[in-house]
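K.L.:
Here it is, the structure, as structure tokens.
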Amino acid sequence: MNSTAAWHVYTGTGQPRTDVDLRTDLPEPPPWRSFRGGPALSTPDGEEHDNSRRIGAPGADTAYPADRHEIDMVNAALLLRRPLLVTGGPGTGKTSLAFRVARELSLGPVLTWPITSSSKLRQDGLYEYDAIGRVNANSAKASGVTDEPTDIGNFIHLGPLGTALLPFELPRVLVIDEIDKADLSLPNDLLATLEDGEYRVRELARVARRTPKVVVHTADPGGSAEIAEGRVVCRAFPFIVFTSNREREFPPAFLRRVLQLEMQPPTEEQLASMVAAHFRDASSTSAELIRKFLRRSESEGGLAIDQLLNTVQLATTSTGLTSDRASWERLRDALWHRLSTTGFE
């Protein structure tokens, strides 16, 4: 590792590293953040399609030149085994950060939990038990309609947070997206789970004497895991990214348990790398678009990276689109619309 940042396991490029193995290179956690769940589970194979869709195809020539403070905060979260609350305007790359970490450190597919105003910790984040489905399945089996298994595990599906807290040998990466949208109680409901790194599946705890080990479904496609005594305890605390658009205040008790990172608008160099990651044959037109995009973003109070990528896609793939300069500029300006309606009549 670079001697000037010997404590860094994440360098911010978003490119796969072959010289780092978190099993040996990630320092031991603080005693108060040490968890001993088991037996240890292997990391599922990563889904490169999702990574490429989010942050572009891998390649050293398109490495994302991350901000030093961003790199420091990601590494601090990994070392301290604490979630990272990432704030910033829409389109500043808050969610993409999780995918860069997952790819660079080979931490498998990213788990995502998109928050809505009705999101609840247990049924949306930890696990869902389909009691009605099980009753119907038992009735169908008793009447001879089907011979499908009706074990309780077939009707329990772990959510993204519940899956991330399984005893994986390496940290799973989880995005809890737009925590601002949550009901006021959700951040407080999360406190015990984030502090203890564990949770209980009540329905399995009730049958633990009769069935001490049960295989359930996970949030990974086609995934399953065995739960003993109805209790899930993590082994490697997951790398959790809460994204926030700064639309609300969070309880002090919640903020005490997370690290905070404010994402800055990307620089011209960073935007050029992002464009190159998605468009390997990007022309000089892209460089001109980036400069104009930055000027427009400043005047409009901030635009999203997606708005730039959409414009580059049209400019590079639609033959003749830019030949009519007036029409092209009208279309470009329409794509670069203001993200906030504040101040409009």
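Every chain in the structure tokens takes a letter, A first, then B, and so on in the order presented; its residues are numbered from 1, and the ligands are numbered from 1 following the presented order.
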Please, which residues in segment 18-91 of chain A fall within 9 Å of segment 152-175 of chain A when counting only C-alpha atoms, and what is the closest atom pair and distance in Å to one decimal for each, ordered by chain then residue number, as JSON lines?

P.N.:
{"residue": "A:Leu22", "atom": "CA", "partner": "A:Leu170", "partner_atom": "CA", "distance": 7.0}
{"residue": "A:Arg23", "atom": "CA", "partner": "A:Leu170", "partner_atom": "CA", "distance": 6.9}
{"residue": "A:Phe35", "atom": "CA", "partner": "A:Pro167", "partner_atom": "CA", "distance": 9.0}
{"residue": "A:Arg36", "atom": "CA", "partner": "A:Pro167", "partner_atom": "CA", "distance": 8.0}
{"residue": "A:Gly37", "atom": "CA", "partner": "A:Pro167", "partner_atom": "CA", "distance": 5.1}
{"residue": "A:Gly38", "atom": "CA", "partner": "A:Pro167", "partner_atom": "CA", "distance": 5.3}
{"residue": "A:Pro39", "atom": "CA", "partner": "A:Pro167", "partner_atom": "CA", "distance": 6.8}
{"residue": "A:Ala40", "atom": "CA", "partner": "A:Glu169", "partner_atom": "CA", "distance": 5.2}
{"residue": "A:Leu41", "atom": "CA", "partner": "A:Phe168", "partner_atom": "CA", "distance": 4.4}
{"residue": "A:Ser42", "atom": "CA", "partner": "A:Phe168", "partner_atom": "CA", "distance": 6.0}
{"residue": "A:Thr43", "atom": "CA", "partner": "A:Phe168", "partner_atom": "CA", "distance": 6.4}
{"residue": "A:Leu78", "atom": "CA", "partner": "A:Pro171", "partner_atom": "CA", "distance": 8.7}

K.L.:
Output N, CA, C and O atoms for every residue in that selection, as a PDB file, in the first residue's frame.

P.N.:
ATOM      1  N   LEU A  22      -9.278  -8.241   2.502  1.00  0.00           N
ATOM      2  CA  LEU A  22      -9.768  -7.707   3.769  1.00  0.00           C
ATOM      3  C   LEU A  22      -9.660  -8.700   4.914  1.00  0.00           C
ATOM      4  O   LEU A  22      -9.655  -8.309   6.081  1.00  0.00           O
ATOM      5  N   ARG A  23      -9.561  -9.997   4.612  1.00  0.00           N
ATOM      6  CA  ARG A  23      -9.413 -10.987   5.682  1.00  0.00           C
ATOM      7  C   ARG A  23      -8.114 -10.764   6.462  1.00  0.00           C
ATOM      8  O   ARG A  23      -8.049 -11.048   7.655  1.00  0.00           O
ATOM      9  N   PHE A  35     -17.888  -8.619  16.482  1.00  0.00           N
ATOM     10  CA  PHE A  35     -19.016  -9.537  16.418  1.00  0.00           C
ATOM     11  C   PHE A  35     -18.497 -10.926  16.071  1.00  0.00           C
ATOM     12  O   PHE A  35     -17.533 -11.069  15.325  1.00  0.00           O
ATOM     13  N   ARG A  36     -19.169 -11.944  16.570  1.00  0.00           N
ATOM     14  CA  ARG A  36     -18.666 -13.297  16.410  1.00  0.00           C
ATOM     15  C   ARG A  36     -19.734 -14.254  15.903  1.00  0.00           C
ATOM     16  O   ARG A  36     -19.844 -15.388  16.360  1.00  0.00           O
ATOM     17  N   GLY A  37     -20.543 -13.806  14.964  1.00  0.00           N
ATOM     18  CA  GLY A  37     -21.525 -14.704  14.371  1.00  0.00           C
ATOM     19  C   GLY A  37     -20.854 -15.801  13.566  1.00  0.00           C
ATOM     20  O   GLY A  37     -19.693 -15.687  13.165  1.00  0.00           O
ATOM     21  N   GLY A  38     -21.554 -16.855  13.317  1.00  0.00           N
ATOM     22  CA  GLY A  38     -20.982 -17.964  12.543  1.00  0.00           C
ATOM     23  C   GLY A  38     -22.018 -19.057  12.338  1.00  0.00           C
ATOM     24  O   GLY A  38     -23.145 -18.966  12.847  1.00  0.00           O
ATOM     25  N   PRO A  39     -21.653 -20.078  11.592  1.00  0.00           N
ATOM     26  CA  PRO A  39     -20.373 -20.237  10.887  1.00  0.00           C
ATOM     27  C   PRO A  39     -20.229 -19.222   9.755  1.00  0.00           C
ATOM     28  O   PRO A  39     -21.216 -18.728   9.223  1.00  0.00           O
ATOM     29  N   ALA A  40     -18.966 -18.934   9.396  1.00  0.00           N
ATOM     30  CA  ALA A  40     -18.684 -17.894   8.402  1.00  0.00           C
ATOM     31  C   ALA A  40     -19.231 -18.280   7.034  1.00  0.00           C
ATOM     32  O   ALA A  40     -19.112 -19.423   6.600  1.00  0.00           O
ATOM     33  N   LEU A  41     -19.838 -17.308   6.365  1.00  0.00           N
ATOM     34  CA  LEU A  41     -20.380 -17.504   5.025  1.00  0.00           C
ATOM     35  C   LEU A  41     -19.470 -16.847   3.994  1.00  0.00           C
ATOM     36  O   LEU A  41     -18.915 -15.770   4.237  1.00  0.00           O
ATOM     37  N   SER A  42     -19.356 -17.471   2.833  1.00  0.00           N
ATOM     38  CA  SER A  42     -18.563 -16.893   1.746  1.00  0.00           C
ATOM     39  C   SER A  42     -19.341 -15.767   1.078  1.00  0.00           C
ATOM     40  O   SER A  42     -20.578 -15.768   1.044  1.00  0.00           O
ATOM     41  N   THR A  43     -18.619 -14.804   0.533  1.00  0.00           N
ATOM     42  CA  THR A  43     -19.238 -13.700  -0.195  1.00  0.00           C
ATOM     43  C   THR A  43     -19.807 -14.208  -1.518  1.00  0.00           C
ATOM     44  O   THR A  43     -19.105 -14.889  -2.266  1.00  0.00           O
ATOM     45  N   LEU A  78     -14.993   1.652   7.399  1.00  0.00           N
ATOM     46  CA  LEU A  78     -14.605   0.242   7.326  1.00  0.00           C
ATOM     47  C   LEU A  78     -13.833  -0.175   8.575  1.00  0.00           C
ATOM     48  O   LEU A  78     -14.074  -1.249   9.138  1.00  0.00           O
TER      49      LEU A  78
END

K.L.:
Mind running segment 228-268 of chain A against segment 86-103 of chain A at 7 Å and telling me each contacting residue's nearest atom pair with the distance in Å (one decimal), counting only C-alpha atoms, chain and number ascending, as JSON lines?

P.N.:
{"residue": "A:Val241", "atom": "CA", "partner": "A:Val86", "partner_atom": "CA", "distance": 6.7}
{"residue": "A:Phe242", "atom": "CA", "partner": "A:Val86", "partner_atom": "CA", "distance": 5.9}
{"residue": "A:Thr243", "atom": "CA", "partner": "A:Val86", "partner_atom": "CA", "distance": 4.9}
{"residue": "A:Ser244", "atom": "CA", "partner": "A:Thr87", "partner_atom": "CA", "distance": 4.7}
{"residue": "A:Asn245", "atom": "CA", "partner": "A:Gly88", "partner_atom": "CA", "distance": 5.5}
{"residue": "A:Arg246", "atom": "CA", "partner": "A:Thr87", "partner_atom": "CA", "distance": 6.1}
{"residue": "A:Gln260", "atom": "CA", "partner": "A:Val86", "partner_atom": "CA", "distance": 6.0}
{"residue": "A:Leu261", "atom": "CA", "partner": "A:Val86", "partner_atom": "CA", "distance": 4.8}
{"residue": "A:Glu262", "atom": "CA", "partner": "A:Thr87", "partner_atom": "CA", "distance": 4.8}
{"residue": "A:Met263", "atom": "CA", "partner": "A:Gly88", "partner_atom": "CA", "distance": 5.0}
{"residue": "A:Gln264", "atom": "CA", "partner": "A:Gly88", "partner_atom": "CA", "distance": 6.8}
{"residue": "A:Pro265", "atom": "CA", "partner": "A:Thr92", "partner_atom": "CA", "distance": 5.7}
{"residue": "A:Pro266", "atom": "CA", "partner": "A:Thr92", "partner_atom": "CA", "distance": 6.9}

K.L.:
Just want the 10 Å neighbourhood of segment 196-200 of chain A, counted on only C-alpha atoms, with same-chain residues fewer than 2 positions away dropped. Output as a ChimeraX atom specification.

P.N.:
/A:32-37,122,126-127,162,164-167,191-194,202-205,227,229-238

K.L.:
Give me the residues within 8 Å of Val74 of chain A as a VMD selection string, counting only C-alpha atoms and dropping any in the same chain fewer than 4 places off.

P.N.:
chain A and resid 10 70 78 84

K.L.:
Out of A:Asp189, A:Leu121, A:Pro109, A:Ser327, which residue has the shortest atom-to-atom distance to His49 of chain A when counting only C-alpha atoms?

P.N.:
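Among the listed residues, the smallest separation from His49 of chain A belongs to A:Pro109.
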